[in-house]
$ cat input-v6.txt   # compact mmCIF, C-alpha atoms
# COMPACT_ATOMS: atom_id res chain seq x y z
CA MET A 202 61.54 44.86 -49.79
CA LEU A 203 57.85 44.29 -49.47
CA ILE A 204 56.39 47.01 -47.26
CA TYR A 205 57.91 50.42 -46.58
CA VAL A 206 56.57 52.11 -43.48
CA ASN A 207 59.05 54.63 -42.09
CA TYR A 208 56.95 56.83 -39.86
CA LYS A 209 58.32 56.35 -36.39
CA THR A 210 61.08 55.07 -34.19
CA ILE A 211 60.20 52.19 -31.90
CA ASN A 212 61.76 50.42 -28.96
CA ILE A 213 61.84 46.64 -28.79
CA ASN A 214 62.49 44.79 -25.53
CA GLY A 215 63.89 47.96 -24.04
CA ASN A 216 67.25 47.71 -25.77
CA LEU A 217 66.79 48.19 -29.50
CA SER A 218 65.56 51.43 -30.99
CA ILE A 219 65.41 51.81 -34.77
CA LYS A 220 63.12 53.19 -37.45
CA PHE A 221 60.14 51.03 -38.29
CA GLU A 222 61.19 50.85 -41.95
CA THR A 223 64.35 49.08 -40.79
CA ILE A 224 62.26 46.62 -38.80
CA ILE A 225 60.29 45.79 -41.91
CA ILE A 226 63.40 45.47 -44.09
CA SER A 227 64.96 43.17 -41.53
CA TYR A 228 61.72 41.29 -41.04
CA MET A 229 61.38 40.62 -44.73
CA LYS A 230 65.00 40.18 -45.82
CA LYS A 231 66.44 38.30 -42.90
CA THR A 232 63.62 36.46 -41.24
CA PHE A 233 61.17 35.93 -44.06
CA LEU A 234 63.81 33.86 -45.83
CA THR A 235 63.55 34.67 -49.55
CA LEU A 236 60.71 37.17 -49.38
CA ALA A 237 63.32 39.82 -50.18
CA SER A 238 62.95 38.72 -53.79
CA PHE A 239 59.77 40.81 -53.83
CA SER A 240 62.07 43.82 -54.28
CA THR A 241 62.03 43.28 -58.02
CA VAL A 242 58.24 43.10 -58.08
CA PHE A 243 57.07 46.08 -56.05
CA ALA A 244 57.64 49.75 -56.64
CA ILE A 245 56.83 51.65 -53.47
CA ALA A 246 55.67 55.20 -54.00
CA GLN A 247 53.20 55.37 -51.16
CA THR A 248 52.86 58.24 -48.75
CA GLU A 249 49.92 56.45 -47.13
CA LYS A 250 50.48 53.24 -45.19
CA PRO A 251 48.85 50.32 -46.98
CA ASN A 252 46.37 47.96 -45.40
CA ILE A 253 47.67 44.38 -45.38
CA MET A 254 45.47 41.29 -45.70
CA ILE A 255 46.66 37.69 -45.68
CA ILE A 256 44.07 35.14 -46.81
CA MET A 257 45.16 31.64 -45.84
CA VAL A 258 43.33 28.46 -46.82
CA ASP A 259 43.97 25.08 -45.26
CA ASP A 260 45.14 21.94 -47.14
CA MET A 261 44.28 23.26 -50.60
CA GLY A 262 45.78 21.45 -53.57
CA TYR A 263 48.39 23.28 -55.61
CA SER A 264 46.24 23.18 -58.76
CA ASP A 265 42.83 23.61 -57.08
CA PRO A 266 42.09 27.26 -58.05
CA GLY A 267 41.12 27.97 -61.63
CA CYS A 268 44.03 30.38 -62.04
CA PHE A 269 46.42 27.51 -61.22
CA GLY A 270 44.80 25.01 -63.57
CA GLY A 271 41.89 23.68 -61.52
CA GLU A 272 38.29 23.07 -62.53
CA ILE A 273 36.84 24.32 -59.23
CA ASN A 274 34.76 27.49 -59.60
CA THR A 275 37.01 30.20 -58.10
CA PRO A 276 36.23 33.42 -60.00
CA ASN A 277 37.21 35.70 -57.12
CA ILE A 278 40.56 34.03 -56.46
CA ASP A 279 41.10 34.11 -60.23
CA ALA A 280 40.32 37.84 -60.24
CA LEU A 281 43.05 38.42 -57.65
CA ALA A 282 45.45 36.62 -59.97
CA ASN A 283 44.26 38.44 -63.08
CA ASN A 284 44.68 41.81 -61.36
CA GLY A 285 47.86 40.90 -59.49
CA MET A 286 50.71 38.43 -59.64
CA ARG A 287 50.96 34.66 -59.29
CA PHE A 288 53.98 32.98 -57.72
CA THR A 289 54.65 29.46 -59.01
CA GLN A 290 57.52 28.76 -56.61
CA PHE A 291 56.17 29.76 -53.23
CA TYR A 292 57.00 27.31 -50.45
CA ASN A 293 55.71 26.40 -47.01
CA CYS A 294 56.62 24.01 -44.19
CA SER A 295 54.38 21.16 -45.41
CA ARG A 296 52.11 21.10 -42.36
CA SER A 297 49.66 23.52 -40.82
CA CYS A 298 51.16 24.81 -37.59
CA PRO A 299 54.81 24.92 -38.80
CA SER A 300 53.74 26.92 -41.86
CA ARG A 301 51.66 29.28 -39.73
CA ALA A 302 54.51 29.79 -37.31
CA ALA A 303 56.88 30.70 -40.15
CA LEU A 304 54.28 33.03 -41.63
CA MET A 305 53.47 34.81 -38.36
CA THR A 306 57.06 35.21 -37.11
CA GLY A 307 59.28 35.10 -40.18
CA ARG A 308 61.39 32.41 -38.55
CA TYR A 309 61.74 28.68 -38.95
CA PRO A 310 59.05 26.97 -36.85
CA GLN A 311 61.37 24.89 -34.68
CA VAL A 312 63.16 28.10 -33.60
CA VAL A 313 59.93 29.59 -32.24
CA GLY A 314 58.64 26.58 -30.33
CA ILE A 315 56.71 24.63 -32.95
CA THR A 316 58.70 21.41 -32.60
CA ALA A 317 55.60 19.19 -32.78
CA MET A 318 51.86 19.49 -33.29
CA GLY A 319 49.96 21.45 -30.66
CA ARG A 320 52.72 23.66 -29.26
CA SER A 321 52.74 27.39 -28.45
CA LEU A 322 54.86 30.07 -30.02
CA THR A 323 57.71 31.04 -27.73
CA ASN A 324 57.81 34.48 -26.11
CA ASP A 325 61.23 35.37 -27.54
CA CYS A 326 59.84 35.99 -31.02
CA VAL A 327 57.58 38.71 -32.43
CA THR A 328 54.57 38.18 -34.65
CA ILE A 329 53.58 40.30 -37.63
CA PRO A 330 50.74 42.01 -35.72
CA GLU A 331 52.98 42.70 -32.73
CA VAL A 332 55.41 44.52 -35.02
CA LEU A 333 52.79 46.33 -37.09
CA LYS A 334 51.02 47.62 -33.98
CA THR A 335 54.16 49.63 -33.23
CA ALA A 336 53.63 51.43 -36.54
CA GLY A 337 50.06 52.31 -35.69
CA TYR A 338 48.25 49.45 -37.39
CA ASN A 339 44.97 48.04 -36.17
CA THR A 340 45.23 44.26 -36.21
CA ALA A 341 42.57 41.58 -36.54
CA MET A 342 42.26 37.88 -37.26
CA THR A 343 39.49 35.52 -38.25
CA GLY A 344 39.66 31.74 -38.40
CA LYS A 345 42.18 29.10 -37.42
CA TRP A 346 45.13 29.86 -35.11
CA HIS A 347 46.76 26.46 -34.32
CA LEU A 348 49.76 28.05 -32.59
CA SER A 349 48.84 27.37 -28.97
CA LEU A 350 49.52 24.39 -26.71
CA THR A 351 46.71 21.84 -27.02
CA GLN A 352 46.35 19.06 -24.48
CA GLY A 353 43.79 16.29 -24.37
CA ARG A 354 41.89 14.64 -21.55
CA ALA A 355 40.86 11.06 -20.88
CA TYR A 356 39.13 9.63 -23.96
CA SER A 357 35.55 9.75 -22.68
CA GLU A 358 36.01 13.32 -21.45
CA GLN A 359 37.76 14.33 -24.66
CA MET A 360 34.87 13.09 -26.81
CA GLN A 361 32.37 15.08 -24.73
CA TRP A 362 34.60 18.16 -24.93
CA LEU A 363 35.13 17.94 -28.70
CA ALA A 364 31.37 17.66 -29.18
CA ASN A 365 30.78 20.88 -27.19
CA ARG A 366 28.75 18.94 -24.63
CA VAL A 367 30.90 20.02 -21.66
CA ASP A 368 33.14 22.96 -20.80
CA TYR A 369 36.56 22.15 -19.39
CA GLY A 370 37.79 25.72 -19.51
CA GLU A 371 40.42 27.31 -21.71
CA PHE A 372 41.40 25.52 -24.90
CA SER A 373 45.08 26.33 -24.37
CA PRO A 374 47.01 28.76 -22.16
CA LYS A 375 45.28 32.05 -22.88
CA ALA A 376 48.60 33.87 -23.08
CA ALA A 377 49.09 32.02 -26.36
CA TYR A 378 45.71 33.00 -27.86
CA PRO A 379 45.89 35.28 -30.93
CA CYS A 380 44.48 38.24 -28.96
CA ASN A 381 47.55 38.00 -26.72
CA ARG A 382 50.02 37.70 -29.61
CA GLY A 383 49.30 41.03 -31.28
CA PHE A 384 45.74 40.82 -32.60
CA ASP A 385 43.28 43.43 -31.33
CA GLU A 386 40.41 41.16 -32.34
CA HIS A 387 40.12 37.45 -33.08
CA TYR A 388 37.07 35.41 -34.01
CA GLY A 389 37.88 31.79 -34.74
CA ILE A 390 39.21 28.49 -33.46
CA ILE A 391 42.27 27.83 -31.30
CA TRP A 392 42.76 24.17 -32.24
CA GLY A 393 43.48 22.91 -35.75
CA VAL A 394 40.43 20.75 -36.56
CA ALA A 395 36.74 21.64 -36.39
CA ASN A 396 33.29 20.36 -37.20
CA TYR A 397 32.22 22.99 -39.77
CA PHE A 398 28.66 23.03 -38.45
CA ASP A 399 29.54 23.22 -34.73
CA PRO A 400 33.27 23.88 -34.25
CA PHE A 401 35.30 23.02 -31.19
CA SER A 402 37.51 25.74 -29.60
CA LEU A 403 35.56 28.65 -31.12
CA VAL A 404 36.36 31.94 -29.36
CA HIS A 405 36.10 35.69 -29.53
CA ASN A 406 39.42 36.83 -28.13
CA GLU A 407 39.61 35.01 -24.75
CA GLN A 408 35.88 34.30 -24.52
CA ARG A 409 34.57 30.86 -25.47
CA ILE A 410 31.60 30.93 -27.86
CA ASP A 411 29.30 28.31 -26.35
CA THR A 412 26.56 28.00 -28.97
CA VAL A 413 26.16 28.67 -32.67
CA PRO A 414 23.05 29.35 -34.78
CA LYS A 415 21.18 26.50 -36.43
CA ASN A 416 22.51 27.23 -39.93
CA PHE A 417 26.08 27.90 -38.83
CA TYR A 418 28.88 27.04 -41.28
CA MET A 419 32.47 27.79 -40.36
CA THR A 420 33.58 29.21 -43.71
CA ASP A 421 30.68 31.65 -43.78
CA TYR A 422 31.40 32.63 -40.18
CA VAL A 423 35.01 33.53 -41.04
CA THR A 424 33.78 35.61 -43.97
CA GLU A 425 31.06 37.37 -41.96
CA LYS A 426 33.42 38.30 -39.12
CA THR A 427 35.98 39.56 -41.62
CA LEU A 428 33.35 41.83 -43.18
CA ASP A 429 32.39 43.14 -39.74
CA LEU A 430 36.03 43.89 -38.89
CA ILE A 431 36.63 45.67 -42.20
CA ASP A 432 33.60 47.83 -41.46
CA ILE A 433 35.01 48.71 -38.04
CA ASP A 434 38.62 49.29 -39.09
CA SER A 435 37.75 51.27 -42.23
CA LYS A 436 36.19 53.95 -39.99
CA LYS A 437 39.47 54.41 -38.10
CA PRO A 438 42.25 56.71 -39.31
CA GLU A 439 44.93 54.03 -38.96
CA PRO A 440 45.63 51.29 -41.52
CA PHE A 441 44.80 47.67 -40.70
CA PHE A 442 46.48 44.28 -40.83
CA MET A 443 44.00 41.45 -41.21
CA TYR A 444 44.76 37.72 -41.18
CA VAL A 445 41.89 35.71 -42.66
CA ALA A 446 42.62 32.04 -41.89
CA TYR A 447 39.92 29.86 -43.43
CA THR A 448 39.70 26.31 -42.09
CA ALA A 449 38.57 24.98 -45.49
CA PRO A 450 39.17 22.73 -47.29
CA HIS A 451 40.81 20.85 -44.37
CA TRP A 452 39.03 17.62 -43.34
CA PRO A 453 36.39 16.75 -42.25
CA LEU A 454 34.67 17.11 -45.60
CA HIS A 455 31.69 19.25 -44.61
CA ALA A 456 29.88 21.51 -47.07
CA LYS A 457 26.50 23.05 -47.73
CA PRO A 458 24.17 21.04 -50.01
CA GLU A 459 23.79 23.87 -52.51
CA ASP A 460 27.56 24.07 -52.98
CA ILE A 461 27.97 20.30 -53.29
CA ALA A 462 25.24 20.18 -55.93
CA LYS A 463 27.37 22.28 -58.31
CA TYR A 464 29.90 19.47 -58.60
CA LYS A 465 27.60 16.47 -58.92
CA GLY A 466 29.23 14.03 -61.34
CA LYS A 467 32.22 16.30 -61.91
CA TYR A 468 34.75 13.79 -60.62
CA ASP A 469 33.23 10.53 -61.82
CA THR A 470 36.17 9.97 -64.17
CA GLY A 471 38.51 9.72 -61.18
CA TRP A 472 41.85 11.00 -59.95
CA ASP A 473 44.02 9.71 -62.80
CA GLU A 474 42.03 11.62 -65.39
CA LEU A 475 41.91 14.71 -63.15
CA ARG A 476 45.70 14.75 -62.93
CA LYS A 477 45.97 14.70 -66.73
CA THR A 478 43.41 17.43 -67.37
CA ARG A 479 44.87 19.74 -64.73
CA TYR A 480 48.41 19.20 -65.98
CA ASN A 481 47.45 19.95 -69.59
CA ARG A 482 45.59 23.06 -68.51
CA MET A 483 48.62 24.31 -66.55
CA VAL A 484 50.80 23.82 -69.61
CA GLU A 485 48.29 25.75 -71.77
CA MET A 486 48.23 28.56 -69.21
CA GLY A 487 52.03 28.82 -69.25
CA LEU A 488 52.34 27.98 -65.55
CA ILE A 489 54.69 25.08 -66.15
CA ASN A 490 57.15 24.03 -68.82
CA PRO A 491 56.60 20.33 -69.55
CA SER A 492 60.28 19.86 -70.41
CA GLN A 493 61.19 21.03 -66.91
CA VAL A 494 58.17 19.89 -64.90
CA PRO A 495 56.89 16.47 -66.00
CA MET A 496 53.53 15.20 -64.81
CA SER A 497 53.95 13.23 -61.60
CA LYS A 498 52.75 9.67 -61.33
CA ASN A 499 50.02 8.45 -59.00
CA GLU A 500 52.13 7.97 -55.85
CA SER A 501 49.19 6.41 -54.00
CA ASN A 502 49.52 3.37 -56.29
CA ARG A 503 45.74 3.25 -56.43
CA PRO A 504 44.58 3.26 -60.07
CA TRP A 505 41.07 4.64 -60.39
CA ALA A 506 40.10 1.69 -62.57
CA ASN A 507 40.65 -0.65 -59.62
CA GLU A 508 38.56 1.29 -57.10
CA THR A 509 35.52 -0.50 -55.72
CA TYR A 510 33.67 2.51 -54.26
CA LYS A 511 34.04 4.98 -57.11
CA SER A 512 30.78 6.84 -56.42
CA TRP A 513 31.68 7.42 -52.78
CA GLU A 514 35.22 8.53 -53.60
CA ALA A 515 33.93 10.93 -56.28
CA GLY A 516 31.40 12.25 -53.76
CA ASN A 517 34.19 13.11 -51.33
CA MET A 518 35.97 15.08 -54.03
CA GLU A 519 32.74 16.92 -54.83
CA VAL A 520 32.62 18.10 -51.21
CA HIS A 521 36.27 19.21 -51.29
CA ALA A 522 35.49 21.31 -54.36
CA ALA A 523 32.36 22.71 -52.71
CA MET A 524 34.36 23.76 -49.66
CA LEU A 525 36.82 25.78 -51.74
CA ASP A 526 33.96 27.18 -53.81
CA CYS A 527 32.45 28.55 -50.58
CA VAL A 528 35.77 30.12 -49.63
CA ASP A 529 35.86 31.81 -53.03
CA GLN A 530 32.37 33.17 -52.51
CA GLY A 531 33.59 34.62 -49.21
CA ILE A 532 36.61 36.22 -50.86
CA GLY A 533 34.25 37.85 -53.34
CA LYS A 534 32.31 39.38 -50.44
CA ILE A 535 35.54 40.57 -48.81
CA ILE A 536 36.68 42.26 -52.02
CA ALA A 537 33.26 43.89 -52.40
CA LYS A 538 33.44 45.16 -48.80
CA LEU A 539 36.92 46.61 -49.37
CA LYS A 540 35.60 48.46 -52.41
CA GLU A 541 32.48 49.64 -50.56
CA THR A 542 34.58 51.10 -47.74
CA GLY A 543 37.13 52.69 -50.09
CA GLU A 544 39.97 50.49 -48.81
CA TYR A 545 40.42 48.26 -51.85
CA ASP A 546 43.03 50.15 -53.86
CA ASN A 547 45.44 50.53 -50.96
CA THR A 548 45.10 47.03 -49.53
CA ILE A 549 47.80 44.46 -50.23
CA ILE A 550 46.13 41.05 -50.46
CA PHE A 551 48.12 37.84 -50.19
CA PHE A 552 46.37 34.54 -50.96
CA MET A 553 48.02 31.19 -50.19
CA SER A 554 47.62 27.75 -48.63
CA ASP A 555 49.46 26.44 -45.58
CA ASN A 556 50.50 23.24 -47.41
CA GLY A 557 49.42 20.92 -50.17
CA ALA A 558 46.29 18.77 -50.26
CA SER A 559 46.10 16.24 -47.44
CA PRO A 560 46.14 12.42 -47.69
CA GLU A 561 44.98 12.00 -44.08
CA ARG A 562 42.19 9.47 -43.66
CA TYR A 563 41.82 8.55 -40.00
CA PRO A 564 39.81 5.45 -39.07
CA SER A 565 38.17 6.58 -35.84
CA ALA A 566 37.60 9.28 -33.23
CA ASP A 567 40.68 10.40 -31.31
CA PHE A 568 42.51 13.44 -29.89
CA ASP A 569 40.99 16.06 -32.22
CA ARG A 570 38.31 13.96 -33.92
CA PRO A 571 34.95 13.66 -32.14
CA SER A 572 32.82 10.55 -31.82
CA MET A 573 29.50 12.41 -31.68
CA THR A 574 27.71 15.66 -32.42
CA ARG A 575 26.50 18.05 -29.73
CA ASN A 576 23.19 16.18 -29.46
CA GLY A 577 24.96 12.82 -29.13
CA THR A 578 24.45 11.52 -32.67
CA PRO A 579 27.37 9.20 -33.57
CA ILE A 580 29.85 10.37 -36.18
CA GLN A 581 30.90 7.95 -38.91
CA TYR A 582 34.42 7.63 -40.27
CA PRO A 583 35.58 6.61 -43.79
CA ALA A 584 35.55 2.84 -43.22
CA GLU A 585 31.76 3.13 -42.87
CA ARG A 586 31.54 5.22 -46.06
CA PRO A 587 29.07 7.81 -44.72
CA THR A 588 27.34 10.27 -47.03
CA PRO A 589 29.94 12.88 -48.03
CA GLY A 590 29.42 16.39 -46.73
CA ILE A 591 27.00 15.90 -43.84
CA GLU A 592 27.80 16.74 -40.20
CA THR A 593 27.70 13.14 -39.02
CA SER A 594 30.45 12.18 -41.50
CA TYR A 595 34.18 12.68 -40.99
CA ASN A 596 35.30 11.87 -44.50
CA TYR A 597 38.66 12.79 -46.07
CA ILE A 598 39.88 12.88 -49.66
CA GLY A 599 42.74 10.40 -49.11
CA ASP A 600 46.10 10.09 -50.84
CA ALA A 601 44.93 9.38 -54.39
CA TRP A 602 42.83 12.54 -54.69
CA ALA A 603 45.44 14.55 -52.75
CA GLY A 604 48.15 13.57 -55.21
CA ALA A 605 45.99 14.62 -58.14
CA LEU A 606 45.11 17.95 -56.51
CA ASN A 607 48.80 18.74 -56.11
CA THR A 608 49.45 18.33 -59.84
CA PRO A 609 52.06 18.67 -61.27
CA TYR A 610 53.98 17.73 -58.14
CA ARG A 611 54.57 14.50 -56.25
CA TYR A 612 52.96 13.47 -52.97
CA TRP A 613 51.05 15.62 -50.50
CA LYS A 614 50.86 17.38 -47.13
CA SER A 615 53.48 16.41 -44.51
CA GLU A 616 55.97 15.24 -47.17
CA SER A 617 59.04 17.22 -48.20
CA PHE A 618 58.20 16.71 -51.86
CA TYR A 619 56.66 19.70 -53.62
CA GLY A 620 53.19 18.20 -53.22
CA GLY A 621 53.59 19.02 -49.56
CA THR A 622 55.71 22.16 -49.63
CA ALA A 623 54.55 24.11 -52.70
CA THR A 624 51.59 26.43 -52.45
CA PRO A 625 49.91 28.64 -55.05
CA MET A 626 50.41 32.24 -53.97
CA ILE A 627 48.86 35.44 -55.30
CA VAL A 628 49.62 39.07 -54.47
CA GLN A 629 47.35 41.94 -55.43
CA TRP A 630 47.75 45.62 -54.56
CA PRO A 631 46.06 48.04 -56.99
CA ALA A 632 47.83 51.15 -55.68
CA GLY A 633 51.28 49.65 -55.26
CA LEU A 634 51.89 46.65 -57.49
CA LYS A 635 53.67 47.93 -60.57
CA THR A 636 53.83 44.74 -62.61
CA ASN A 637 51.45 43.98 -65.46
CA PRO A 638 48.13 42.58 -64.23
CA GLY A 639 48.08 38.80 -64.47
CA SER A 640 51.85 38.48 -64.31
CA VAL A 641 53.44 35.18 -63.31
CA THR A 642 56.83 34.87 -61.62
CA ASN A 643 58.87 31.78 -60.83
CA GLN A 644 61.04 33.52 -58.23
CA PRO A 645 61.49 31.20 -55.25
CA VAL A 646 59.80 32.61 -52.14
CA HIS A 647 59.03 31.16 -48.68
$ encode --input "input-v6.txt" --output "structure tokens"
Amino acid sequence: MLIYVNYKTININGNLSIKFETIIISYMKKTFLTLASFSTVFAIAQTEKPNIMIIMVDDMGYSDPGCFGGEINTPNIDALANNGMRFTQFYNCSRSCPSRAALMTGRYPQVVGITAMGRSLTNDCVTIPEVLKTAGYNTAMTGKWHLSLTQGRAYSEQMQWLANRVDYGEFSPKAAYPCNRGFDEHYGIIWGVANYFDPFSLVHNEQRIDTVPKNFYMTDYVTEKTLDLIDIDSKKPEPFFMYVAYTAPHWPLHAKPEDIAKYKGKYDTGWDELRKTRYNRMVEMGLINPSQVPMSKNESNRPWANETYKSWEAGNMEVHAAMLDCVDQGIGKIIAKLKETGEYDNTIIFFMSDNGASPERYPSADFDRPSMTRNGTPIQYPAERPTPGIETSYNYIGDAWAGALNTPYRYWKSESFYGGTATPMIVQWPAGLKTNPGSVTNQPVH
């Protein structure tokens, strides 16, 4: 059992009245699949309800964070691991919206309406915030939702819409927006893809955000709004549930120059060498047993030695690393804010990814990929090999890098192999986690 909150009796749908602690037990044991295995990890001796924070990143490789064997600079994610517990067998649904549906409802995605991309959650399920509100929690979300019906328009209109040059109204039925599925506050995007410098479908609750500042960057925006919401909720007597859904490092590869500069030349040796160094580091860290988990082969069948555009490919990987680096910086600010407000010790923090690193490398503008910026400047796609990281590029890491980032596993996002379905997961809770700091468990969890 993960969270004990047994303060009140609630009524659901007018015909079921039970103690909230029973709701949580049911929610975790029956509908969160194997999350009941947390019962051997947590010792609950709380008289005060804990705050709950889920930090979700998008399309991160299994071995990207330093605490899972990666070379990317992630000191704040690593600190969560060093002070908490790492789960080596935590699983997802291999794509963004199915994983988010399972996370938010505790049910398999196809049962709650996510039978394809761009669908809405059904109304016959409850979300985590809808349940926690009945126990007196304040609820808030920042970042990517991707659980509402998304429908396109004719191509020319769609391109204008995606570039924020026109306003065609709501981005999906507003009843399916996060603010109408249990969240008191939401700052973020409704759709699943966004220009990091000028995102499409950006809202505050039901209100479209029409313009953004000159130096806007989506990852920083998610962090800043999270800090604001912590400030607000920490002044209230009730506990809070906060879902921080970063869009990074999902394509397009957009990052700030100062973050990209940290990784200049870091990946010049290519994806085959990266796979080896990450695998060896994971073995040294005790995260994997080489007799049980062999190093996967390069399933892209693209040897680095044969690549023609090595500098450009390495540059794309530098941007991917920079994007996660920026997320880590944001997590450091969030932790500092929790400490400043006195909420840190009694806040359960979960960190995870929605699926493995992505191989997707689309050739041109389409349904959720714009052809231009807001001022009409054309956007270039990978076949044109644009400069990695800038707004007028829509680069992607591709399958060869994705496979290496998911070391030690095979394949990548959207596949049923572990490269798609395994995610690094960390839990930290200073006041409630009774395991040794830095512990690692291989208990299977979903």
$ closest_residue --input "input-v6.txt" --among "A:Pro571, A:Pro453, A:Gly516, A:Gly531" --to "Ser357 of chain A" --atoms "all atoms listed in the file"
A:Pro571
$ closest_residue --input "input-v6.txt" --among "A:Gly319, A:Gly466, A:Gly471, A:Gly487" --to "Lys511 of chain A" --atoms "all atoms listed in the file"
A:Gly471
$ residues_around --input "input-v6.txt" --residues "Leu281 of chain A" --least-positions-apart "6" --cutoff "10 Å" --atoms "only C-alpha atoms" --output "PyMOL selection string"
chain A and resi 268+287+532-533+536+550-552+627-630+638-639
$ residues_around --input "input-v6.txt" --residues "segment 417-429 of chain A" --least-positions-apart "2" --cutoff "10 Å" --atoms "only C-alpha atoms" --output "ChimeraX atom specification"
/A:341-345,387-390,395-400,403,412-415,431-434,443-450,455-457,524-525,527-539
$ write_last_selection --input "input-v6.txt" --atoms "C-alpha atoms" --output "mmCIF file, keeping the file's coordinate frame"
data_model
loop_
_atom_site.group_PDB
_atom_site.id
_atom_site.type_symbol
_atom_site.label_atom_id
_atom_site.label_comp_id
_atom_site.auth_asym_id
_atom_site.auth_seq_id
_atom_site.Cartn_x
_atom_site.Cartn_y
_atom_site.Cartn_z
ATOM 1 C CA ALA A 341 42.570 41.580 -36.540
ATOM 2 C CA MET A 342 42.260 37.880 -37.260
ATOM 3 C CA THR A 343 39.490 35.520 -38.250
ATOM 4 C CA GLY A 344 39.660 31.740 -38.400
ATOM 5 C CA LYS A 345 42.180 29.100 -37.420
ATOM 6 C CA HIS A 387 40.120 37.450 -33.080
ATOM 7 C CA TYR A 388 37.070 35.410 -34.010
ATOM 8 C CA GLY A 389 37.880 31.790 -34.740
ATOM 9 C CA ILE A 390 39.210 28.490 -33.460
ATOM 10 C CA ALA A 395 36.740 21.640 -36.390
ATOM 11 C CA ASN A 396 33.290 20.360 -37.200
ATOM 12 C CA TYR A 397 32.220 22.990 -39.770
ATOM 13 C CA PHE A 398 28.660 23.030 -38.450
ATOM 14 C CA ASP A 399 29.540 23.220 -34.730
ATOM 15 C CA PRO A 400 33.270 23.880 -34.250
ATOM 16 C CA LEU A 403 35.560 28.650 -31.120
ATOM 17 C CA THR A 412 26.560 28.000 -28.970
ATOM 18 C CA VAL A 413 26.160 28.670 -32.670
ATOM 19 C CA PRO A 414 23.050 29.350 -34.780
ATOM 20 C CA LYS A 415 21.180 26.500 -36.430
ATOM 21 C CA ILE A 431 36.630 45.670 -42.200
ATOM 22 C CA ASP A 432 33.600 47.830 -41.460
ATOM 23 C CA ILE A 433 35.010 48.710 -38.040
ATOM 24 C CA ASP A 434 38.620 49.290 -39.090
ATOM 25 C CA MET A 443 44.000 41.450 -41.210
ATOM 26 C CA TYR A 444 44.760 37.720 -41.180
ATOM 27 C CA VAL A 445 41.890 35.710 -42.660
ATOM 28 C CA ALA A 446 42.620 32.040 -41.890
ATOM 29 C CA TYR A 447 39.920 29.860 -43.430
ATOM 30 C CA THR A 448 39.700 26.310 -42.090
ATOM 31 C CA ALA A 449 38.570 24.980 -45.490
ATOM 32 C CA PRO A 450 39.170 22.730 -47.290
ATOM 33 C CA HIS A 455 31.690 19.250 -44.610
ATOM 34 C CA ALA A 456 29.880 21.510 -47.070
ATOM 35 C CA LYS A 457 26.500 23.050 -47.730
ATOM 36 C CA MET A 524 34.360 23.760 -49.660
ATOM 37 C CA LEU A 525 36.820 25.780 -51.740
ATOM 38 C CA CYS A 527 32.450 28.550 -50.580
ATOM 39 C CA VAL A 528 35.770 30.120 -49.630
ATOM 40 C CA ASP A 529 35.860 31.810 -53.030
ATOM 41 C CA GLN A 530 32.370 33.170 -52.510
ATOM 42 C CA GLY A 531 33.590 34.620 -49.210
ATOM 43 C CA ILE A 532 36.610 36.220 -50.860
ATOM 44 C CA GLY A 533 34.250 37.850 -53.340
ATOM 45 C CA LYS A 534 32.310 39.380 -50.440
ATOM 46 C CA ILE A 535 35.540 40.570 -48.810
ATOM 47 C CA ILE A 536 36.680 42.260 -52.020
ATOM 48 C CA ALA A 537 33.260 43.890 -52.400
ATOM 49 C CA LYS A 538 33.440 45.160 -48.800
ATOM 50 C CA LEU A 539 36.920 46.610 -49.370
#
$ residues_around --input "input-v6.txt" --residues "Arg562 of chain A" --least-positions-apart "4" --cutoff "9 Å" --atoms "all atoms listed in the file" --output "number ranges by chain"
A: 452, 582-583, 596-600
$ closest_residue --input "input-v6.txt" --among "A:Ser295, A:Thr608, A:Thr548, A:Thr574" --to "Thr622 of chain A" --atoms "only C-alpha atoms"
A:Ser295
$ atom_distance --input "input-v6.txt" --atom1 "atom CA of Arg575 of chain A" --atom2 "atom CA of Leu350 of chain A"
24.1 Å
$ residues_around --input "input-v6.txt" --residues "Tyr338 of chain A" --least-positions-apart "2" --cutoff "7 Å" --atoms "only C-alpha atoms" --output "list in words"
Leu333, Lys334, Ala336, Thr340, Glu439, Pro440, Phe441 and Phe442 of chain A
$ write_last_selection --input "input-v6.txt" --atoms "C-alpha atoms" --output "short mmCIF file (atom, residue, chain, number, x, y, z; two decimals), in the coordinates of the input"
data_model
loop_
_atom_site.label_atom_id
_atom_site.label_comp_id
_atom_site.auth_asym_id
_atom_site.auth_seq_id
_atom_site.Cartn_x
_atom_site.Cartn_y
_atom_site.Cartn_z
CA LEU A 333 52.79 46.33 -37.09
CA LYS A 334 51.02 47.62 -33.98
CA ALA A 336 53.63 51.43 -36.54
CA THR A 340 45.23 44.26 -36.21
CA GLU A 439 44.93 54.03 -38.96
CA PRO A 440 45.63 51.29 -41.52
CA PHE A 441 44.80 47.67 -40.70
CA PHE A 442 46.48 44.28 -40.83
#
$ atom_distance --input "input-v6.txt" --atom1 "atom CA of Pro504 of chain A" --atom2 "atom CA of Thr478 of chain A"
16.0 Å
$ atom_distance --input "input-v6.txt" --atom1 "atom CA of His451 of chain A" --atom2 "atom CA of Asp259 of chain A"
5.4 Å
$ axis_aligned_box --input "input-v6.txt" --around "segment 451-465 of chain A" --padding-each-side "6 Å" --output "JSON"
{"center_x": 32.3, "center_y": 20.3, "center_z": -50.6, "size_x": 29.0, "size_y": 19.6, "size_z": 28.7}
$ closest_residue --input "input-v6.txt" --among "A:Glu544, A:Glu459, A:Asp260, A:Glu474" --to "Asn556 of chain A" --atoms "all atoms listed in the file"
A:Asp260
